[in-house]
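Enquirer: Got a file for you: structure.txt, compact mmCIF, C-alpha atoms and all ligand atoms.
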```txt
# COMPACT_ATOMS: atom_id res chain seq x y z
CA MET A 16 0.00 0.00 0.00
CA SER A 17 1.32 3.37 -0.93
CA ASN A 18 0.46 5.05 2.36
CA TYR A 19 2.77 2.82 4.38
CA PRO A 20 5.52 4.91 5.93
CA LYS A 21 8.86 4.43 4.20
CA ILE A 22 10.79 5.03 7.40
CA TRP A 23 10.48 2.14 9.84
CA LYS A 24 10.66 3.87 13.22
CA PRO A 25 12.47 2.57 16.32
CA PHE A 26 10.35 1.41 19.29
CA THR A 27 7.19 2.35 17.43
CA ILE A 28 4.02 0.43 16.64
CA GLN A 29 3.88 1.32 12.96
CA LYS A 30 0.19 0.81 12.44
CA GLY A 31 -1.70 3.91 13.44
CA ALA A 32 1.51 5.70 14.44
CA LYS A 33 1.08 9.46 14.53
CA THR A 34 3.11 11.49 12.08
CA SER A 35 6.44 12.36 13.69
CA LEU A 36 7.04 15.99 14.57
CA LYS A 37 9.54 17.44 12.17
CA VAL A 38 12.41 19.32 13.77
CA VAL A 39 14.15 21.93 11.67
CA ARG A 40 16.77 23.19 14.10
CA GLY A 41 17.99 23.01 17.66
CA GLU A 42 19.56 25.56 19.92
CA GLY A 43 20.40 25.01 23.57
CA ILE A 44 17.49 23.26 25.24
CA TRP A 45 15.13 24.27 22.41
CA LEU A 46 14.00 22.34 19.39
CA GLU A 47 12.24 24.25 16.64
CA LEU A 48 9.51 22.45 14.74
CA GLU A 49 8.55 22.91 11.11
CA ASP A 50 5.62 25.14 12.04
CA GLY A 51 7.83 27.42 14.13
CA GLN A 52 6.76 25.99 17.51
CA LYS A 53 9.58 25.75 20.06
CA VAL A 54 9.80 22.73 22.31
CA MET A 55 11.99 22.39 25.38
CA ASP A 56 14.04 19.16 25.29
CA LEU A 57 13.81 17.77 28.83
CA ILE A 58 15.16 14.33 27.98
CA SER A 59 18.33 15.31 26.11
CA SER A 60 17.00 13.57 23.00
CA TRP A 61 17.27 9.98 24.19
CA TRP A 62 19.80 10.93 26.84
CA VAL A 63 22.61 11.81 24.45
CA ASN A 64 22.74 15.59 24.51
CA LEU A 65 24.84 17.12 27.29
CA HIS A 66 25.52 20.73 26.41
CA GLY A 67 22.42 21.71 24.45
CA HIS A 68 21.56 21.47 20.77
CA GLY A 69 23.68 23.14 18.13
CA ASN A 70 26.64 23.59 20.45
CA VAL A 71 29.12 25.69 18.50
CA GLU A 72 32.34 24.28 19.98
CA ILE A 73 31.42 20.70 19.16
CA ALA A 74 30.07 21.64 15.73
CA SER A 75 33.32 23.46 14.87
CA ALA A 76 35.49 20.62 16.16
CA ILE A 77 33.66 18.22 13.84
CA ALA A 78 33.81 20.62 10.88
CA GLU A 79 37.51 21.16 11.34
CA GLN A 80 38.22 17.45 11.60
CA ALA A 81 36.01 16.68 8.59
CA GLN A 82 38.25 18.82 6.42
CA LYS A 83 41.37 16.97 7.60
CA LEU A 84 40.34 13.33 7.84
CA GLU A 85 36.82 11.94 8.00
CA HIS A 86 37.67 8.29 8.58
CA VAL A 87 40.44 5.77 8.45
CA ILE A 88 40.58 2.04 9.10
CA PHE A 89 41.43 1.72 12.80
CA ALA A 90 43.48 -1.49 12.58
CA ASP A 91 47.10 -0.69 11.66
CA PHE A 92 46.24 3.03 11.54
CA THR A 93 45.47 5.65 14.15
CA HIS A 94 44.89 9.41 14.29
CA GLU A 95 45.23 12.32 16.64
CA PRO A 96 41.61 12.73 17.85
CA ALA A 97 41.53 9.08 18.99
CA GLU A 98 44.85 9.43 20.79
CA ILE A 99 43.88 12.66 22.51
CA PHE A 100 40.58 11.21 23.65
CA VAL A 101 42.10 8.11 25.22
CA GLU A 102 44.55 10.27 27.20
CA ASN A 103 41.97 12.77 28.33
CA LEU A 104 39.25 10.27 29.19
CA LEU A 105 41.49 7.86 31.08
CA ALA A 106 42.95 10.81 33.00
CA GLN A 107 39.45 11.33 34.40
CA THR A 108 39.36 7.82 35.83
CA SER A 109 42.25 8.37 38.28
CA GLY A 110 44.04 5.15 37.45
CA VAL A 111 41.03 2.84 37.71
CA PHE A 112 41.01 2.22 33.95
CA ASP A 113 44.07 1.91 31.72
CA HIS A 114 42.66 0.76 28.39
CA LEU A 115 39.97 1.88 25.99
CA PHE A 116 38.21 -0.03 23.22
CA TYR A 117 36.31 2.03 20.64
CA SER A 118 32.95 1.08 19.12
CA ASP A 119 29.90 3.00 17.97
CA ASN A 120 26.81 2.60 20.15
CA GLY A 121 25.75 1.59 23.63
CA SER A 122 24.68 -1.93 22.71
CA THR A 123 28.05 -2.70 21.13
CA ALA A 124 29.91 -1.22 24.11
CA VAL A 125 27.99 -3.77 26.20
CA GLU A 126 28.61 -6.64 23.75
CA VAL A 127 32.32 -5.88 23.91
CA SER A 128 32.28 -5.89 27.72
CA LEU A 129 30.55 -9.28 27.86
CA LYS A 130 32.96 -10.78 25.34
CA MET A 131 35.92 -9.34 27.23
CA ALA A 132 34.69 -10.81 30.51
CA VAL A 133 34.16 -14.30 29.10
CA GLN A 134 37.44 -14.30 27.21
CA TYR A 135 39.33 -12.94 30.21
CA TRP A 136 38.52 -16.17 32.04
CA LYS A 137 39.15 -18.31 28.99
CA ASN A 138 42.56 -16.69 28.56
CA HIS A 139 43.26 -17.75 32.14
CA GLY A 140 42.26 -21.32 31.34
CA GLU A 141 38.85 -21.05 32.99
CA SER A 142 36.62 -21.60 30.01
CA HIS A 143 33.67 -22.75 32.17
CA LYS A 144 33.14 -19.18 33.42
CA THR A 145 30.62 -17.95 30.90
CA ARG A 146 27.58 -17.05 32.94
CA PHE A 147 26.43 -13.59 34.07
CA ILE A 148 24.38 -12.19 36.90
CA ALA A 149 22.19 -9.25 35.91
CA PHE A 150 19.29 -7.34 37.42
CA ASP A 151 15.52 -7.30 37.15
CA GLY A 152 14.50 -4.27 35.14
CA ALA A 153 17.89 -4.00 33.42
CA TYR A 154 18.29 -2.61 29.92
CA HIS A 155 21.61 -3.01 28.14
CA GLY A 156 20.65 -2.57 24.49
CA ASP A 157 18.96 -4.34 21.61
CA THR A 158 21.57 -6.63 20.08
CA PHE A 159 21.43 -10.29 21.11
CA GLY A 160 24.09 -10.25 23.81
CA ALA A 161 22.86 -6.98 25.26
CA MET A 162 19.28 -8.27 25.12
CA SER A 163 20.35 -11.45 26.91
CA ALA A 164 21.80 -9.42 29.78
CA GLY A 165 18.64 -7.31 29.94
CA SER A 166 15.45 -8.10 31.75
CA ARG A 167 13.04 -10.15 29.67
CA SER A 168 10.12 -7.99 28.58
CA VAL A 169 7.68 -7.37 25.78
CA PHE A 170 10.61 -5.90 23.84
CA SER A 171 12.64 -9.12 23.93
CA GLU A 172 9.70 -11.55 23.97
CA VAL A 173 9.93 -12.72 20.36
CA PHE A 174 13.55 -13.70 20.88
CA ASN A 175 13.52 -15.02 24.44
CA ASP A 176 14.26 -18.62 23.42
CA MET A 177 17.35 -17.49 21.54
CA LEU A 178 18.90 -15.45 24.35
CA PHE A 179 21.64 -16.92 26.52
CA THR A 180 20.76 -17.68 30.11
CA VAL A 181 21.46 -15.03 32.71
CA ASP A 182 20.61 -15.15 36.41
CA PHE A 183 18.54 -12.17 37.45
CA VAL A 184 18.51 -10.73 40.95
CA SER A 185 16.46 -7.87 42.31
CA TYR A 186 17.55 -4.26 41.88
CA PRO A 187 17.05 -2.56 45.25
CA GLU A 188 15.30 0.54 43.97
CA THR A 189 14.62 3.36 46.36
CA TRP A 190 12.92 6.74 46.53
CA GLN A 191 12.27 9.61 48.91
CA ASN A 192 11.01 8.45 52.33
CA ASP A 193 11.57 4.79 51.52
CA ASP A 194 11.96 3.12 54.91
CA ASN A 195 12.60 -0.36 53.63
CA ILE A 196 15.74 0.14 51.58
CA GLU A 197 18.17 -1.59 53.94
CA GLN A 198 16.07 -4.75 53.77
CA LYS A 199 15.86 -4.61 49.96
CA GLU A 200 19.62 -4.26 49.72
CA THR A 201 20.24 -7.09 52.16
CA ASP A 202 17.91 -9.32 50.14
CA ALA A 203 19.56 -8.47 46.83
CA ILE A 204 23.04 -9.12 48.22
CA ALA A 205 21.83 -12.41 49.71
CA GLN A 206 20.56 -13.50 46.27
CA ILE A 207 23.90 -12.62 44.69
CA GLU A 208 25.95 -14.34 47.37
CA SER A 209 23.82 -17.43 47.17
CA LEU A 210 24.30 -17.67 43.38
CA LEU A 211 28.03 -17.06 43.69
CA HIS A 212 28.41 -19.68 46.39
CA GLN A 213 26.40 -22.33 44.61
CA ASN A 214 28.21 -21.84 41.33
CA SER A 215 31.39 -19.92 41.91
CA HIS A 216 33.06 -21.88 39.11
CA LYS A 217 30.70 -20.72 36.37
CA TYR A 218 30.27 -16.95 36.69
CA ALA A 219 32.21 -14.60 34.43
CA GLY A 220 30.71 -11.38 35.72
CA ILE A 221 27.95 -9.25 37.14
CA ILE A 222 26.55 -6.50 34.93
CA ILE A 223 24.64 -3.56 36.37
CA GLU A 224 23.44 -0.07 35.49
CA PRO A 225 24.99 1.70 38.48
CA LEU A 226 22.83 4.07 40.58
CA VAL A 227 20.12 4.42 37.91
CA GLN A 228 18.44 1.86 35.68
CA GLY A 229 17.41 3.95 32.68
CA ALA A 230 14.92 2.32 30.31
CA GLY A 231 13.64 0.06 33.12
CA GLY A 232 11.92 3.12 34.61
CA MET A 233 14.60 5.37 36.13
CA ARG A 234 14.89 3.05 39.09
CA MET A 235 17.55 4.25 41.48
CA CYS A 236 19.75 2.41 43.97
CA ARG A 237 22.14 3.68 46.62
CA PRO A 238 25.93 3.87 46.49
CA GLN A 239 25.95 1.64 49.59
CA PHE A 240 24.43 -1.16 47.53
CA LEU A 241 27.12 -0.91 44.85
CA GLN A 242 29.77 -1.04 47.57
CA LYS A 243 28.25 -4.20 49.05
CA LEU A 244 27.95 -5.69 45.57
CA GLU A 245 31.63 -5.04 44.95
CA GLU A 246 32.55 -6.67 48.23
CA ALA A 247 30.56 -9.78 47.34
CA ALA A 248 32.12 -9.92 43.87
CA LYS A 249 35.67 -9.46 45.13
CA LYS A 250 35.29 -12.43 47.47
CA THR A 251 34.79 -14.78 44.54
CA GLY A 252 36.78 -12.87 41.92
CA VAL A 253 33.81 -12.51 39.58
CA LEU A 254 34.19 -9.42 37.32
CA VAL A 255 32.00 -6.36 37.78
CA ILE A 256 30.79 -4.56 34.66
CA TYR A 257 29.13 -1.16 34.94
CA ASP A 258 26.91 -0.24 32.04
CA GLU A 259 27.33 3.54 32.26
CA VAL A 260 25.96 4.14 28.77
CA MET A 261 23.35 6.44 30.31
CA THR A 262 24.85 7.32 33.72
CA GLY A 263 28.22 8.44 32.31
CA PHE A 264 29.37 12.01 31.67
CA GLY A 265 27.85 13.82 34.61
CA ARG A 266 24.27 12.56 34.77
CA THR A 267 24.64 11.29 38.34
CA GLY A 268 26.36 14.47 39.50
CA GLU A 269 29.86 13.03 39.09
CA ILE A 270 31.54 12.34 35.78
CA PHE A 271 30.88 8.61 36.25
CA ALA A 272 28.49 6.76 38.55
CA TYR A 273 31.29 4.48 39.74
CA LYS A 274 33.08 7.53 41.16
CA LYS A 275 29.96 8.77 42.86
CA ALA A 276 29.46 5.32 44.37
CA GLY A 277 33.06 5.08 45.55
CA THR A 278 33.55 1.76 43.76
CA CYS A 279 36.05 0.33 41.24
CA PRO A 280 34.43 -1.90 38.62
CA ASP A 281 36.61 -3.94 36.23
CA ILE A 282 34.94 -2.76 33.03
CA ILE A 283 32.68 0.17 32.13
CA CYS A 284 30.63 0.84 29.01
CA LEU A 285 30.09 4.42 27.83
CA SER A 286 28.13 5.91 24.95
CA LYS A 287 25.10 8.25 24.77
CA GLY A 288 26.57 11.50 26.19
CA ILE A 289 30.07 10.75 24.93
CA THR A 290 29.96 13.16 21.97
CA GLY A 291 27.39 15.50 23.49
CA GLY A 292 24.82 13.97 21.13
CA PHE A 293 26.62 14.85 17.90
CA MET A 294 28.09 11.59 16.60
CA PRO A 295 27.40 7.92 17.32
CA MET A 296 30.27 6.59 19.38
CA ALA A 297 30.98 4.30 22.33
CA VAL A 298 33.89 3.03 24.36
CA THR A 299 34.51 0.16 26.73
CA LEU A 300 37.13 0.87 29.41
CA THR A 301 39.01 -1.81 31.28
CA SER A 302 41.49 -2.20 34.08
CA ARG A 303 45.05 -3.33 33.42
CA THR A 304 44.25 -6.82 34.74
CA ILE A 305 41.67 -7.44 32.03
CA PHE A 306 43.88 -6.14 29.24
CA GLU A 307 46.88 -8.15 30.38
CA SER A 308 45.05 -11.44 29.92
CA PHE A 309 44.72 -10.60 26.20
CA TYR A 310 48.33 -9.44 25.85
CA SER A 311 49.82 -12.49 24.23
CA ASP A 312 51.37 -13.90 21.05
CA GLU A 313 48.56 -16.41 20.82
CA ALA A 314 45.87 -15.62 18.27
CA SER A 315 43.32 -17.40 20.45
CA LYS A 316 43.87 -14.86 23.24
CA THR A 317 43.01 -11.91 20.99
CA LEU A 318 39.76 -9.97 21.18
CA TRP A 319 38.54 -10.50 17.63
CA HIS A 320 36.05 -7.69 17.58
CA GLY A 321 35.66 -4.41 15.69
CA HIS A 322 33.34 -2.28 13.60
CA SER A 323 33.83 -0.37 10.36
CA TYR A 324 33.34 2.94 12.15
CA THR A 325 35.51 2.01 15.14
CA GLY A 326 37.38 5.08 16.38
CA ASN A 327 35.82 7.36 13.77
CA PRO A 328 37.80 10.64 13.72
CA LEU A 329 34.69 12.85 13.63
CA GLY A 330 33.28 10.99 16.63
CA CYS A 331 36.56 11.36 18.49
CA ALA A 332 36.79 15.07 17.64
CA ALA A 333 33.25 15.57 18.95
CA ALA A 334 34.07 13.55 22.07
CA ASN A 335 37.15 15.66 22.78
CA ALA A 336 35.19 18.90 22.46
CA SER A 337 32.33 17.53 24.57
CA LEU A 338 34.67 16.30 27.31
CA SER A 339 36.38 19.67 27.67
CA LEU A 340 32.97 21.37 27.88
CA LEU A 341 31.90 18.83 30.48
CA LEU A 342 34.92 19.54 32.65
CA LYS A 343 33.84 23.18 32.71
CA SER A 344 30.21 22.32 33.52
CA THR A 345 30.54 21.39 37.19
CA ASP A 346 28.66 24.47 38.38
CA LYS A 347 25.83 23.92 35.93
CA ILE A 348 25.49 20.32 37.04
CA ARG A 349 25.48 21.35 40.74
CA GLN A 350 22.81 23.92 39.94
CA ILE A 351 20.52 21.35 38.33
CA GLU A 352 21.05 18.97 41.26
CA GLU A 353 20.16 21.68 43.73
CA ASN A 354 17.05 22.70 41.81
CA HIS A 355 15.91 19.09 41.58
CA ARG A 356 16.50 18.66 45.32
CA GLY A 357 14.26 21.61 46.09
CA PHE A 358 11.56 20.22 43.81
CA VAL A 359 11.76 16.75 45.35
CA LYS A 360 11.26 18.23 48.83
CA SER A 361 8.37 20.43 47.76
CA VAL A 362 6.30 17.98 45.72
CA ASN A 363 2.95 17.54 47.30
CA SER A 364 0.49 15.79 45.04
CA ALA A 365 -1.60 12.70 45.53
CA LYS A 366 -0.87 11.90 41.89
CA ILE A 367 2.89 11.68 42.35
CA GLU A 368 4.61 8.87 44.20
CA ARG A 369 8.10 7.49 44.73
CA ILE A 370 9.88 10.68 43.81
CA ARG A 371 13.60 10.08 43.44
CA GLN A 372 16.71 11.87 42.33
CA THR A 373 20.25 11.01 41.41
CA GLY A 374 22.31 13.99 40.32
CA THR A 375 20.72 15.68 37.30
CA ILE A 376 18.02 13.01 36.93
CA VAL A 377 14.73 13.30 38.76
CA ALA A 378 11.91 10.75 38.35
CA MET A 379 8.48 10.04 39.79
CA ASP A 380 5.60 7.59 39.37
CA PHE A 381 2.29 9.06 38.27
CA VAL A 382 -0.83 7.57 39.74
CA ALA A 383 -4.09 8.19 37.94
CA ASN A 384 -7.56 6.82 38.62
CA GLY A 385 -6.06 5.09 41.61
CA GLU A 386 -4.12 2.82 39.26
CA ARG A 387 -0.43 2.16 39.62
CA GLY A 388 2.13 0.38 37.52
CA TYR A 389 2.75 0.43 33.83
CA LEU A 390 -0.05 2.34 32.13
CA ASN A 391 0.41 3.19 28.51
CA SER A 392 -2.51 5.58 28.52
CA ILE A 393 -0.97 7.81 31.15
CA SER A 394 2.33 7.89 29.30
CA LYS A 395 0.54 9.12 26.20
CA THR A 396 -1.55 11.63 28.13
CA LEU A 397 1.48 13.06 29.88
CA LYS A 398 3.42 13.34 26.63
CA GLU A 399 0.55 15.25 25.03
CA ARG A 400 -0.09 17.55 28.01
CA PHE A 401 3.56 18.53 28.24
CA LEU A 402 3.82 19.08 24.51
CA GLU A 403 0.88 21.49 24.70
CA LYS A 404 3.03 23.43 27.18
CA GLY A 405 6.00 23.35 24.80
CA MET A 406 7.89 20.67 26.73
CA MET A 407 9.20 17.39 25.39
CA VAL A 408 9.09 14.45 27.80
CA ARG A 409 8.90 10.72 27.11
CA PRO A 410 7.52 8.90 30.14
CA LEU A 411 8.49 5.27 30.64
CA GLY A 412 5.06 3.81 31.36
CA ASN A 413 3.79 5.83 34.31
CA VAL A 414 7.27 7.12 35.18
CA LEU A 415 7.89 10.74 34.35
CA TYR A 416 11.51 11.84 34.46
CA LEU A 417 13.63 14.86 33.62
CA MET A 418 17.13 14.50 32.22
CA PRO A 419 17.83 17.92 30.72
CA PRO A 420 20.91 19.15 28.88
CA TYR A 421 23.25 20.89 31.35
CA CYS A 422 22.61 24.32 29.81
CA ILE A 423 19.07 24.50 31.24
CA THR A 424 18.63 27.48 33.59
CA SER A 425 17.10 27.57 37.05
CA ASP A 426 14.22 29.68 35.74
CA GLU A 427 13.49 27.18 33.01
CA LEU A 428 13.59 24.33 35.54
CA GLY A 429 11.25 26.31 37.79
CA ASN A 430 8.73 26.49 34.95
CA VAL A 431 9.03 22.77 34.33
CA TYR A 432 8.41 21.91 38.01
CA ALA A 433 5.38 24.21 38.06
CA THR A 434 4.05 22.53 34.92
CA ILE A 435 4.47 19.08 36.47
CA SER A 436 2.39 20.09 39.49
CA GLU A 437 -0.19 21.79 37.29
CA ILE A 438 -0.56 18.76 35.01
CA ALA A 439 -0.71 16.40 38.01
CA GLU A 440 -3.76 18.30 39.29
CA THR A 441 -5.62 17.98 36.00
CA LEU A 442 -5.28 14.21 35.83
CA GLY A 443 -8.33 12.10 36.67
C1 LIG B 1 20.66 3.26 25.75
C2 LIG B 1 21.34 2.26 26.56
C3 LIG B 1 22.03 1.19 25.97
C4 LIG B 1 22.03 0.95 24.49
O1 LIG B 1 22.64 1.98 23.78
P1 LIG B 1 22.33 2.16 22.22
O2 LIG B 1 23.27 3.24 21.80
O3 LIG B 1 20.90 2.58 22.14
O4 LIG B 1 22.58 0.87 21.56
C5 LIG B 1 22.70 0.31 26.79
N1 LIG B 1 22.70 0.48 28.12
C6 LIG B 1 22.07 1.49 28.73
C7 LIG B 1 22.15 1.63 30.20
C8 LIG B 1 21.35 2.41 27.97
O5 LIG B 1 20.70 3.41 28.58
```
Rewrite the structure from the file as structure tokens, please.
Ligand SMILES: *Cc1c(COP(=O)(O)O)cnc(C)c1O
Expert:
Amino acid sequence: MSNYPKIWKPFTIQKGAKTSLKVVRGEGIWLELEDGQKVMDLISSWWVNLHGHGNVEIASAIAEQAQKLEHVIFADFTHEPAEIFVENLLAQTSGVFDHLFYSDNGSTAVEVSLKMAVQYWKNHGESHKTRFIAFDGAYHGDTFGAMSAGSRSVFSEVFNDMLFTVDFVSYPETWQNDDNIEQKETDAIAQIESLLHQNSHKYAGIIIEPLVQGAGGMRMCRPQFLQKLEEAAKKTGVLVIYDEVMTGFGRTGEIFAYKKAGTCPDIICLSKGITGGFMPMAVTLTSRTIFESFYSDEASKTLWHGHSYTGNPLGCAAANASLSLLLKSTDKIRQIEENHRGFVKSVNSAKIERIRQTGTIVAMDFVANGERGYLNSISKTLKERFLEKGMMVRPLGNVLYLMPPYCITSDELGNVYATISEIAETLG
């Protein structure tokens, strides 16, 4: 049929899908639509944008690099932007990570981390260690390995039989005035310890979204939990992988969630904010110990993995510009955190529950018609109501969250908080 859409949209039921809003330009937190309407981007366009749309420094860095070298095969060859980025990024990890592997999206950063973990053990002659522990509600991407490590849901359902087996434990999510968190953490650690004790010989690693589970509904856990998790892992030597694809680059208030939590994972995956939202890119960082197990003459000990766009110079140039902007954004990030904190304390609506904050991310569950849980209708209603007010949000079920670019002002945030309260009151 001729009226089928030619573009097959991501995460979208095609039949009956509304026409997408056409964006003609972006500046700071604003997106301008075809009809001239301006919309405030409160979700950093799928969590990738850090410094606002149309950032001139990043745009110029890419333009300059594009005139020198757009791309080169990254085996046998290298280039300056990639070498600068590795130096500058690793310098931010204070010696925790010594090696960086380039790829081009969050799912592949995760795939790489899983392959590294399994092969690390294999390289040490422990080829039975292939299993992972992951968390209920986890999201690690849409490729098969990343899907396997993620919580089974309607999104993975078709493929569930094809995914490798992972043991899921509960994610001790918490919120303001939660008086049961210690118990939830104790239970989660007990589940992990029990799995590790029963089968210490088969686990390669534990993979977790530290401090905040993104797509699973902005579920937040405490640094204390990550510390206890690390302790449990260290006892058996199982590797700890942090999927910081969303939490990286300042979202949690610190440059990385692992720093905020005071923990030292073995591997971290980064993407989304890495180029400030300009170019698709990802990296997987590892400790010296992991890298050393691959450092060998033997072909079988090599990580045989790569992508055509691995280490793309334009991506690296954007990442360098974005990182230097980020290092100058500490005050802006503090300001957002402080504003969110004030909002969290002041919220007083029967429609809003489980309000929670980690750094620049604030989230809450909306309750309408006395119903809780995952309600598609409320997600749609909220999206529409906010859009009428010129604000772009994308609730996850009944969870409304804000994850703005760091250039948002306190006044703008004030308007957003007021709009949330106003909309809450109009819901049935
Ligand atoms: C978005 C996301 C991914 C997947 O990244 P893509 O670039 O969409 O493939 C993986 N892990 C987490 C935590 C994410 O938020």
Enquirer: Just the residues within 12 Å of Glu72 of chain A, please, counting only C-alpha atoms, with nothing from its chain fewer than 6 positions along; format it as a ChimeraX atom specification.
Expert: /A:66,78-79,290-291,293,332-341
Enquirer: What are the centre and edge lengths in Å, to one decimal, of the axis-aligned box around all listed atoms of ligand LIG 1 (chain B) with 8 Å added on each side, as JSON?
Expert:
```
{"center_x": 22.0, "center_y": 1.9, "center_z": 25.9, "size_x": 18.6, "size_y": 19.1, "size_z": 24.6}
```
Enquirer: So which residues touch segment 220-224 of chain A within 7 Å, counting only C-alpha atoms, skipping near sequence neighbours fewer than 6 positions away, as number ranges by chain?
Expert: A: 132, 147-150, 253-259
Enquirer: Which protein, DNA or RNA residues have an atom within 9 Å of ligand LIG 1 (chain B), counting only C-alpha atoms and all ligand atoms, as a PyMOL selection string?
Expert: chain A and resi 61-63+119-125+153-158+161+165+223-225+227-230+257-262+284-287+295-297
Enquirer: Now that the selection is made, can you save its residues with C-alpha atoms as an mmCIF file, keeping the file's coordinate frame?
Expert:
```
data_model
loop_
_atom_site.group_PDB
_atom_site.id
_atom_site.type_symbol
_atom_site.label_atom_id
_atom_site.label_comp_id
_atom_site.auth_asym_id
_atom_site.auth_seq_id
_atom_site.Cartn_x
_atom_site.Cartn_y
_atom_site.Cartn_z
ATOM 1 C CA TRP A 61 17.270 9.980 24.190
ATOM 2 C CA TRP A 62 19.800 10.930 26.840
ATOM 3 C CA VAL A 63 22.610 11.810 24.450
ATOM 4 C CA ASP A 119 29.900 3.000 17.970
ATOM 5 C CA ASN A 120 26.810 2.600 20.150
ATOM 6 C CA GLY A 121 25.750 1.590 23.630
ATOM 7 C CA SER A 122 24.680 -1.930 22.710
ATOM 8 C CA THR A 123 28.050 -2.700 21.130
ATOM 9 C CA ALA A 124 29.910 -1.220 24.110
ATOM 10 C CA VAL A 125 27.990 -3.770 26.200
ATOM 11 C CA ALA A 153 17.890 -4.000 33.420
ATOM 12 C CA TYR A 154 18.290 -2.610 29.920
ATOM 13 C CA HIS A 155 21.610 -3.010 28.140
ATOM 14 C CA GLY A 156 20.650 -2.570 24.490
ATOM 15 C CA ASP A 157 18.960 -4.340 21.610
ATOM 16 C CA THR A 158 21.570 -6.630 20.080
ATOM 17 C CA ALA A 161 22.860 -6.980 25.260
ATOM 18 C CA GLY A 165 18.640 -7.310 29.940
ATOM 19 C CA ILE A 223 24.640 -3.560 36.370
ATOM 20 C CA GLU A 224 23.440 -0.070 35.490
ATOM 21 C CA PRO A 225 24.990 1.700 38.480
ATOM 22 C CA VAL A 227 20.120 4.420 37.910
ATOM 23 C CA GLN A 228 18.440 1.860 35.680
ATOM 24 C CA GLY A 229 17.410 3.950 32.680
ATOM 25 C CA ALA A 230 14.920 2.320 30.310
ATOM 26 C CA TYR A 257 29.130 -1.160 34.940
ATOM 27 C CA ASP A 258 26.910 -0.240 32.040
ATOM 28 C CA GLU A 259 27.330 3.540 32.260
ATOM 29 C CA VAL A 260 25.960 4.140 28.770
ATOM 30 C CA MET A 261 23.350 6.440 30.310
ATOM 31 C CA THR A 262 24.850 7.320 33.720
ATOM 32 C CA CYS A 284 30.630 0.840 29.010
ATOM 33 C CA LEU A 285 30.090 4.420 27.830
ATOM 34 C CA SER A 286 28.130 5.910 24.950
ATOM 35 C CA LYS A 287 25.100 8.250 24.770
ATOM 36 C CA PRO A 295 27.400 7.920 17.320
ATOM 37 C CA MET A 296 30.270 6.590 19.380
ATOM 38 C CA ALA A 297 30.980 4.300 22.330
#
```
Enquirer: May I ask for the distance between atom CA of Lys30 of chain A and atom CA of Val173 of chain A, given in Å to one decimal place?
Expert: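 Rounded to one decimal, the two atoms are 18.5 Å apart.
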Enquirer: Compare A:Gln198, A:Ser209, A:Gln242, A:Thr304 by their minimum atom-to-atom distance to Phe112 of chain A, counting all atoms listed in the file, and give me the closest one.
Expert: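 Going through A:Gln198, A:Ser209, A:Gln242, A:Thr304 one by one, the smallest distance to Phe112 of chain A is for A:Thr304.
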Enquirer: Near Leu442 of chain A, within 9 Å and counting all atoms listed in the file, which residues show up once chain neighbours fewer than 4 positions away are dropped, as a PDB file with C-alpha atoms, in the frame of the given file?
Expert:
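The result, stored in part-v3.pdb:
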```pdb
ATOM      1  CA  LYS A 366      -0.870  11.900  41.890  1.00  0.00           C
ATOM      2  CA  VAL A 382      -0.830   7.570  39.740  1.00  0.00           C
ATOM      3  CA  ALA A 383      -4.090   8.190  37.940  1.00  0.00           C
ATOM      4  CA  ASN A 384      -7.560   6.820  38.620  1.00  0.00           C
ATOM      5  CA  THR A 396      -1.550  11.630  28.130  1.00  0.00           C
ATOM      6  CA  ILE A 438      -0.560  18.760  35.010  1.00  0.00           C
TER       7      ILE A 438
END
```
Enquirer: Which is closest to Gly443 of chain A among A:Phe271, A:Gly43, A:Ala365, A:Cys422, if we use only C-alpha atoms?
Expert: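 Once distances to Gly443 of chain A are computed over only C-alpha atoms, the minimum belongs to A:Ala365.
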Enquirer: Please, what distance in Å, to one decimal, runs between atom CA of Lys21 of chain A and atom CA of Leu57 of chain A?
Expert: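 Distance between the two atoms: 28.4 Å.
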Enquirer: In Å to one decimal, how far is atom CA of Cys331 of chain A from atom CA of Thr345 of chain A?
Expert: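 Those two atoms sit 22.1 Å apart.
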Enquirer: Identify, on the basis of all atoms listed in the file, every residue whose closest approach to Phe358 of chain A does not exceed 10 Å; exclude the query and any residue fewer than 6 positions from it along the same chain; express the result as a ChimeraX atom specification.
Expert: /A:352,370,372,377,428-429,432-433
Enquirer: Counting all atoms listed in the file, figure out which residue out of A:Gly263, A:Gly277, A:Gly252, A:Gly231 gets nearest to Val414 of chain A.
Expert: A:Gly231
Enquirer: Segment 101-107 of chain A: which residues within 9 Å, counting only C-alpha atoms, same-chain residues fewer than 3 positions away excluded, as a compact mmCIF listing (two decimals) with C-alpha atoms, in the coordinates of the input?
Expert:
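Final output, saved to part.txt:
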```txt
# COMPACT_ATOMS: atom_id res chain seq x y z
CA PRO A 96 41.61 12.73 17.85
CA ALA A 97 41.53 9.08 18.99
CA GLU A 98 44.85 9.43 20.79
CA GLY A 110 44.04 5.15 37.45
CA VAL A 111 41.03 2.84 37.71
CA PHE A 112 41.01 2.22 33.95
CA ASP A 113 44.07 1.91 31.72
CA HIS A 114 42.66 0.76 28.39
CA LEU A 115 39.97 1.88 25.99
CA ILE A 270 31.54 12.34 35.78
CA LEU A 300 37.13 0.87 29.41
CA ASN A 335 37.15 15.66 22.78
CA LEU A 338 34.67 16.30 27.31
CA SER A 339 36.38 19.67 27.67
```
Enquirer: Could you tell me which of A:Lys24, A:Lys347, A:His322, A:Lys137 comes closest to Ser118 of chain A if we count all atoms listed in the file?
Expert: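 Using all atoms listed in the file, the shortest distance to Ser118 of chain A belongs to A:His322.
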